[in-house]
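Asks: final18.cif (mmCIF, C-alpha atoms) pasted underneath:
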data_final
#
loop_
_atom_site.group_PDB
_atom_site.id
_atom_site.type_symbol
_atom_site.label_atom_id
_atom_site.label_comp_id
_atom_site.auth_asym_id
_atom_site.auth_seq_id
_atom_site.Cartn_x
_atom_site.Cartn_y
_atom_site.Cartn_z
ATOM 1 C CA MET A 1 0.000 0.000 0.000
ATOM 2 C CA PRO A 2 1.474 3.375 -0.995
ATOM 3 C CA ILE A 3 2.386 5.862 1.711
ATOM 4 C CA PRO A 4 1.405 9.562 1.480
ATOM 5 C CA TRP A 5 4.193 11.686 -0.009
ATOM 6 C CA GLU A 6 4.190 13.875 3.117
ATOM 7 C CA SER A 7 5.305 10.807 5.117
ATOM 8 C CA SER A 8 8.169 9.875 2.807
ATOM 9 C CA ALA A 9 10.967 11.158 5.084
ATOM 10 C CA ASP A 10 9.383 9.325 8.015
ATOM 11 C CA ALA A 11 9.289 6.133 5.939
ATOM 12 C CA PHE A 12 12.981 6.521 5.080
ATOM 13 C CA ALA A 13 13.801 7.115 8.760
ATOM 14 C CA GLN A 14 11.823 3.989 9.653
ATOM 15 C CA VAL A 15 13.887 1.924 7.199
ATOM 16 C CA PHE A 16 17.019 3.136 8.989
ATOM 17 C CA ARG A 17 15.633 2.381 12.431
ATOM 18 C CA GLN A 18 14.598 -1.142 11.378
ATOM 19 C CA ARG A 19 18.259 -1.648 10.501
ATOM 20 C CA GLY A 20 19.395 -0.293 13.868
ATOM 21 C CA ILE A 21 20.695 2.991 12.412
ATOM 22 C CA ASP A 22 19.860 6.516 13.530
ATOM 23 C CA PRO A 23 19.412 8.576 10.317
ATOM 24 C CA ASP A 24 20.948 11.563 12.109
ATOM 25 C CA ALA A 25 24.048 9.586 13.083
ATOM 26 C CA VAL A 26 24.949 7.447 10.046
ATOM 27 C CA ARG A 27 28.518 6.145 10.263
ATOM 28 C CA ASP A 28 28.548 3.652 7.377
ATOM 29 C CA VAL A 29 27.929 4.813 3.801
ATOM 30 C CA GLU A 30 27.283 1.289 2.515
ATOM 31 C CA ALA A 31 24.608 0.738 5.180
ATOM 32 C CA ALA A 32 23.050 4.075 4.214
ATOM 33 C CA TRP A 33 23.052 3.035 0.544
ATOM 34 C CA GLU A 34 21.306 -0.245 1.372
ATOM 35 C CA ALA A 35 18.657 1.626 3.386
ATOM 36 C CA PHE A 36 18.259 4.085 0.506
ATOM 37 C CA GLY A 37 17.730 1.200 -1.918
ATOM 38 C CA GLU A 38 15.025 -0.251 0.313
ATOM 39 C CA PHE A 39 13.373 3.163 0.675
ATOM 40 C CA LEU A 40 13.341 3.589 -3.123
ATOM 41 C CA GLN A 41 11.136 0.486 -3.399
ATOM 42 C CA ILE A 42 8.358 1.982 -1.255
ATOM 43 C CA GLU A 43 5.385 3.159 -3.306
ATOM 44 C CA ILE A 44 4.339 6.748 -2.693
ATOM 45 C CA ALA A 45 0.868 8.231 -3.227
ATOM 46 C CA GLY A 46 0.061 11.736 -4.441
ATOM 47 C CA ILE A 47 2.774 11.955 -7.089
ATOM 48 C CA GLU A 48 2.945 11.881 -10.882
ATOM 49 C CA GLY A 49 3.139 8.469 -12.504
ATOM 50 C CA PRO A 50 6.302 6.946 -13.922
ATOM 51 C CA GLU A 51 5.366 8.083 -17.421
ATOM 52 C CA ASN A 52 5.743 11.690 -16.155
ATOM 53 C CA ASP A 53 8.936 11.177 -14.138
ATOM 54 C CA GLY A 54 7.041 11.451 -10.868
ATOM 55 C CA ASP A 55 9.516 9.474 -8.765
ATOM 56 C CA GLY A 56 13.246 9.606 -9.325
ATOM 57 C CA PHE A 57 16.496 9.425 -7.457
ATOM 58 C CA ILE A 58 19.927 11.025 -7.624
ATOM 59 C CA VAL A 59 23.286 10.775 -5.892
ATOM 60 C CA SER A 60 25.334 13.966 -5.527
ATOM 61 C CA TRP A 61 28.745 14.720 -4.075
ATOM 62 C CA GLY A 62 30.989 17.706 -3.596
ATOM 63 C CA ARG A 63 31.025 20.863 -1.535
ATOM 64 C CA TRP A 64 28.128 23.282 -1.356
ATOM 65 C CA GLY A 65 28.064 26.799 0.041
ATOM 66 C CA TRP A 66 24.880 26.086 1.987
ATOM 67 C CA ASN A 67 26.766 23.260 3.700
ATOM 68 C CA ASP A 68 29.754 25.402 4.795
ATOM 69 C CA ASP A 69 31.709 23.852 1.890
ATOM 70 C CA GLN A 70 32.143 20.590 3.784
ATOM 71 C CA PRO A 71 32.749 17.414 1.762
ATOM 72 C CA ALA A 72 29.365 15.738 1.308
ATOM 73 C CA LEU A 73 27.543 12.846 -0.300
ATOM 74 C CA SER A 74 23.790 13.018 -0.832
ATOM 75 C CA PHE A 75 21.197 10.337 -1.605
ATOM 76 C CA GLY A 76 17.991 11.985 -2.821
ATOM 77 C CA ARG A 77 14.561 10.866 -3.965
ATOM 78 C CA GLN A 78 12.645 13.496 -5.917
ATOM 79 C CA LEU A 79 8.858 13.418 -6.029
ATOM 80 C CA ALA A 80 6.621 15.336 -8.449
ATOM 81 C CA VAL A 81 3.707 16.019 -6.112
ATOM 82 C CA THR A 82 0.317 16.358 -7.775
ATOM 83 C CA GLU A 83 -1.680 17.026 -4.622
ATOM 84 C CA ALA A 84 -0.330 20.564 -4.237
ATOM 85 C CA GLY A 85 -1.705 23.654 -5.964
ATOM 86 C CA THR A 86 -5.122 24.430 -7.367
ATOM 87 C CA ARG A 87 -6.726 21.297 -8.769
ATOM 88 C CA ASP A 88 -9.232 23.396 -10.792
ATOM 89 C CA ASP A 89 -6.472 24.962 -12.886
ATOM 90 C CA PRO A 90 -5.691 22.794 -15.948
ATOM 91 C CA HIS A 91 -2.218 24.392 -16.145
ATOM 92 C CA THR A 92 -1.214 23.437 -12.619
ATOM 93 C CA GLN A 93 2.240 21.911 -12.539
ATOM 94 C CA PRO A 94 3.408 19.487 -9.875
ATOM 95 C CA GLU A 95 5.548 20.688 -7.003
ATOM 96 C CA TYR A 96 8.908 19.000 -6.658
ATOM 97 C CA TRP A 97 9.944 17.715 -3.251
ATOM 98 C CA GLN A 98 13.080 15.832 -2.322
ATOM 99 C CA VAL A 99 13.742 13.404 0.493
ATOM 100 C CA GLU A 100 17.468 13.685 1.057
ATOM 101 C CA LEU A 101 20.001 11.943 3.224
ATOM 102 C CA LEU A 102 23.024 14.232 3.468
ATOM 103 C CA LEU A 103 26.246 12.676 4.695
ATOM 104 C CA THR A 104 28.919 15.205 5.656
ATOM 105 C CA PHE A 105 32.575 14.304 6.126
ATOM 106 C CA ALA A 106 35.524 15.773 8.006
ATOM 107 C CA GLU A 107 38.297 17.281 5.907
ATOM 108 C CA ASP A 108 40.798 14.759 4.608
ATOM 109 C CA PRO A 109 43.572 14.870 1.983
ATOM 110 C CA ALA A 110 41.829 11.953 0.198
ATOM 111 C CA TRP A 111 39.288 14.349 -1.287
ATOM 112 C CA ALA A 112 41.468 17.334 -2.080
ATOM 113 C CA ASP A 113 40.297 16.997 -5.710
ATOM 114 C CA LEU A 114 36.673 17.383 -4.638
ATOM 115 C CA ASP A 115 36.999 21.142 -5.212
ATOM 116 C CA SER A 116 38.470 20.866 -8.708
ATOM 117 C CA LEU A 117 35.318 19.542 -10.390
ATOM 118 C CA GLY A 118 32.664 21.349 -8.389
ATOM 119 C CA PRO A 119 29.546 19.523 -7.221
ATOM 120 C CA GLN A 120 28.828 16.381 -9.222
ATOM 121 C CA ASP A 121 25.881 14.015 -9.523
ATOM 122 C CA THR A 122 24.637 10.925 -11.288
ATOM 123 C CA GLY A 123 21.691 12.670 -12.899
ATOM 124 C CA PHE A 124 18.156 11.665 -12.063
ATOM 125 C CA ASP A 125 17.013 8.126 -12.673
ATOM 126 C CA PHE A 126 13.287 7.500 -13.096
ATOM 127 C CA ASP A 127 13.191 3.720 -13.478
ATOM 128 C CA GLU A 128 10.043 2.189 -12.028
ATOM 129 C CA ILE A 129 9.897 0.554 -8.622
ATOM 130 C CA GLY A 130 10.798 -3.143 -8.687
ATOM 131 C CA ALA A 131 13.367 -4.877 -10.865
ATOM 132 C CA PRO A 132 13.994 -1.841 -13.133
ATOM 133 C CA ARG A 133 14.862 0.336 -10.123
ATOM 134 C CA ASN A 134 17.051 -2.399 -8.611
ATOM 135 C CA ALA A 135 18.949 -2.615 -11.893
ATOM 136 C CA ALA A 136 19.355 1.182 -11.957
ATOM 137 C CA LEU A 137 20.684 1.145 -8.394
ATOM 138 C CA GLY A 138 23.264 -1.449 -9.423
ATOM 139 C CA ARG A 139 24.363 0.613 -12.450
ATOM 140 C CA ILE A 140 24.677 3.754 -10.351
ATOM 141 C CA ARG A 141 26.598 1.955 -7.608
ATOM 142 C CA ARG A 142 29.098 0.638 -10.172
ATOM 143 C CA PHE A 143 29.426 4.141 -11.646
ATOM 144 C CA LEU A 144 30.089 5.632 -8.197
ATOM 145 C CA GLN A 145 32.763 2.994 -7.521
ATOM 146 C CA SER A 146 34.520 4.036 -10.734
ATOM 147 C CA CYS A 147 34.704 7.744 -9.785
ATOM 148 C CA PRO A 148 37.558 8.666 -7.439
ATOM 149 C CA GLN A 149 35.727 11.320 -5.391
ATOM 150 C CA PRO A 150 32.532 9.449 -4.446
ATOM 151 C CA ALA A 151 34.528 6.212 -4.046
ATOM 152 C CA ALA A 152 36.796 7.942 -1.486
ATOM 153 C CA LEU A 153 33.796 9.379 0.365
ATOM 154 C CA TRP A 154 32.122 5.951 0.292
ATOM 155 C CA ARG A 155 35.049 4.416 2.175
ATOM 156 C CA ALA A 156 35.089 7.140 4.845
ATOM 157 C CA GLU A 157 33.002 7.485 7.983
ATOM 158 C CA PRO A 158 30.563 10.405 7.864
ATOM 159 C CA ALA A 159 31.058 13.012 10.583
ATOM 160 C CA ARG A 160 27.347 13.779 10.581
ATOM 161 C CA SER A 161 24.179 13.078 8.664
ATOM 162 C CA GLY A 162 20.686 14.439 8.300
ATOM 163 C CA LEU A 163 17.438 13.430 6.677
ATOM 164 C CA THR A 164 15.107 16.077 5.236
ATOM 165 C CA LEU A 165 12.018 16.545 3.080
ATOM 166 C CA GLU A 166 12.170 19.878 1.264
ATOM 167 C CA ARG A 167 10.559 21.551 -1.698
ATOM 168 C CA VAL A 168 13.076 21.897 -4.508
ATOM 169 C CA ASP A 169 11.336 23.899 -7.212
#
Could you spell out this file's structure in structure tokens?

Replies:
Amino acid sequence: MPIPWESSADAFAQVFRQRGIDPDAVRDVEAAWEAFGEFLQIEIAGIEGPENDGDGFIVSWGRWGWNDDQPALSFGRQLAVTEAGTRDDPHTQPEYWQVELLLTFAEDPAWADLDSLGPQDTGFDFDEIGAPRNAALGRIRRFLQSCPQPAALWRAEPARSGLTLERVD
């Protein structure tokens, strides 16, 4: 049974807790990735269908000004919410919301090159829940292992983490 989109961050947090992990104190990137993969298989109500890219995910890494330029790795699920706005207006566009797990790392010489490329990401993937999404997760994981910056972050222990649901449009 699909969960309401407004509860999506709570559902992600619940996945963590079922695994014995506090989402605000993640210390293992691989464990976070596995929880993220499980969360991506949960159906969500109140969003556009797959034909309209209503449910996608992205992995980002780098340094962002809003994060005090700390090295970071982000797992995000973007939802095109149809329940927002005026339903009478035929031109109403969905609102975009993102459930994001942000892993922040202490400074380390291993990611000195993180600054040279600027923030990077995998691009959004909109494969449907089930086998197609599992296959996409595998492709993205292999891609991340082949990139020096996210691979170095993956091997490190996050200094802090946080889980949010925020509007992104």

Asks: Would you please work out which residue, of A:Leu73, A:Leu79, A:Ala32, A:Ala11, is nearest to Thr104 of chain A when using all atoms listed in the file?

Replies: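 With all atoms listed in the file as the atom set, the closest residue is A:Leu73.
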
Asks: Would you kindly identify which residues have an atom no farther than 9 Å from (14.6, 9.7, -20.0), using only C-alpha atoms and the file's own coordinates, and write them out as a PDB file with C-alpha atoms, in the coordinates of the input?

Replies:
ATOM      1  CA  ASP A  53       8.936  11.177 -14.138  1.00  0.00           C
ATOM      2  CA  PHE A 124      18.156  11.665 -12.063  1.00  0.00           C
ATOM      3  CA  ASP A 125      17.013   8.126 -12.673  1.00  0.00           C
ATOM      4  CA  PHE A 126      13.287   7.500 -13.096  1.00  0.00           C
ATOM      5  CA  ASP A 127      13.191   3.720 -13.478  1.00  0.00           C
TER       6      ASP A 127
END

Asks: Rounded to one decimal, what separation in Å do you get between atom CA of Gln149 of chain A and atom CA of Phe75 of chain A?

Replies: 15.0 Å

Asks: Check the smallest atom-to-atom distance from each of A:Ser161, A:Gln120, A:Gln98, A:Ser60 to Glu6 of chain A using all atoms listed in the file, then report the winner.

Replies: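 Counting all atoms listed in the file, the residue closest to Glu6 of chain A is A:Gln98.
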
Asks: Might you spell out which residues the PyMOL selection byres ((chain A and resi 13-20) around 12) would select in the displayed file, as an MDAnalysis selection string?

Replies: chainID A and resid 7:12 21:28 31:42 99:101 161:165

Asks: Return as a list of chain:residue names the set of residues that the PyMOL selection byres ((chain A and resi 44) around 8) yields on the displayed structure.

Replies: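 For this structure, the PyMOL selection byres ((chain A and resi 44) around 8) resolves to A:Pro2, A:Ile3, A:Pro4, A:Trp5, A:Ser8, A:Ile42, A:Glu43, A:Ala45, A:Gly46, A:Ile47.
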
Asks: Using only C-alpha atoms, which protein or nucleic acid residues come within 8 Å of Ala106 of chain A? Drop anything in the same chain fewer than 2 positions from it, and give the result as a list in words.

Replies: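 Final neighbour list, sorted by chain and number: Gln70, Pro71, Thr104, Asp108, Pro158 and Ala159 of chain A.
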
Asks: Evaluate the PyMOL selection byres ((chain A and resi 155) around 12) on the structure here and hand back the selected residues as a ChimeraX atom specification.

Replies: /A:27-31,73,105,110-111,144-145,148-154,156-158

Asks: Distance atom CA of Asp121 of chain A-atom CA of Val59 of chain A, one decimal place?

Replies: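 These atoms are spaced 5.5 Å apart.
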
Asks: With only C-alpha atoms as the atoms that count, which of A:Glu107, A:Leu102, A:Arg133, A:Pro94 lies nearest to Gly56 of chain A?

Replies: A:Arg133

Asks: In Å, with one decimal, what is the gap from atom CA of Ala131 of chain A to atom CA of Ala80 of chain A?

Replies: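 Computing the Euclidean distance for atom CA of Ala131 of chain A and atom CA of Ala80 of chain A yields 21.4 Å.
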
Asks: Could you work out an axis-aligned box for segment 22-25 of chain A, taking every atom the file lists and adding 5 Å on each side, and report centre and edge lengths in Å to one decimal, as AutoDock Vina command-line options?

Replies:
--center_x 21.7 --center_y 9.0 --center_z 11.9 --size_x 14.6 --size_y 15.0 --size_z 13.2

Asks: Between A:Asn134, A:Thr122, A:Ser146, A:Gln78, which residue has the minimum interatomic distance to Asp55 of chain A, considering all atoms listed in the file?

Replies: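 Using all atoms listed in the file, Asp55 of chain A sits closest to A:Gln78.
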
Asks: For Glu48 of chain A, which of A:Asp68, A:Ile140, A:Val81, A:Gly123 is the closest residue, counting all atoms listed in the file?

Replies: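 Selected residue with least distance to Glu48 of chain A: A:Val81.
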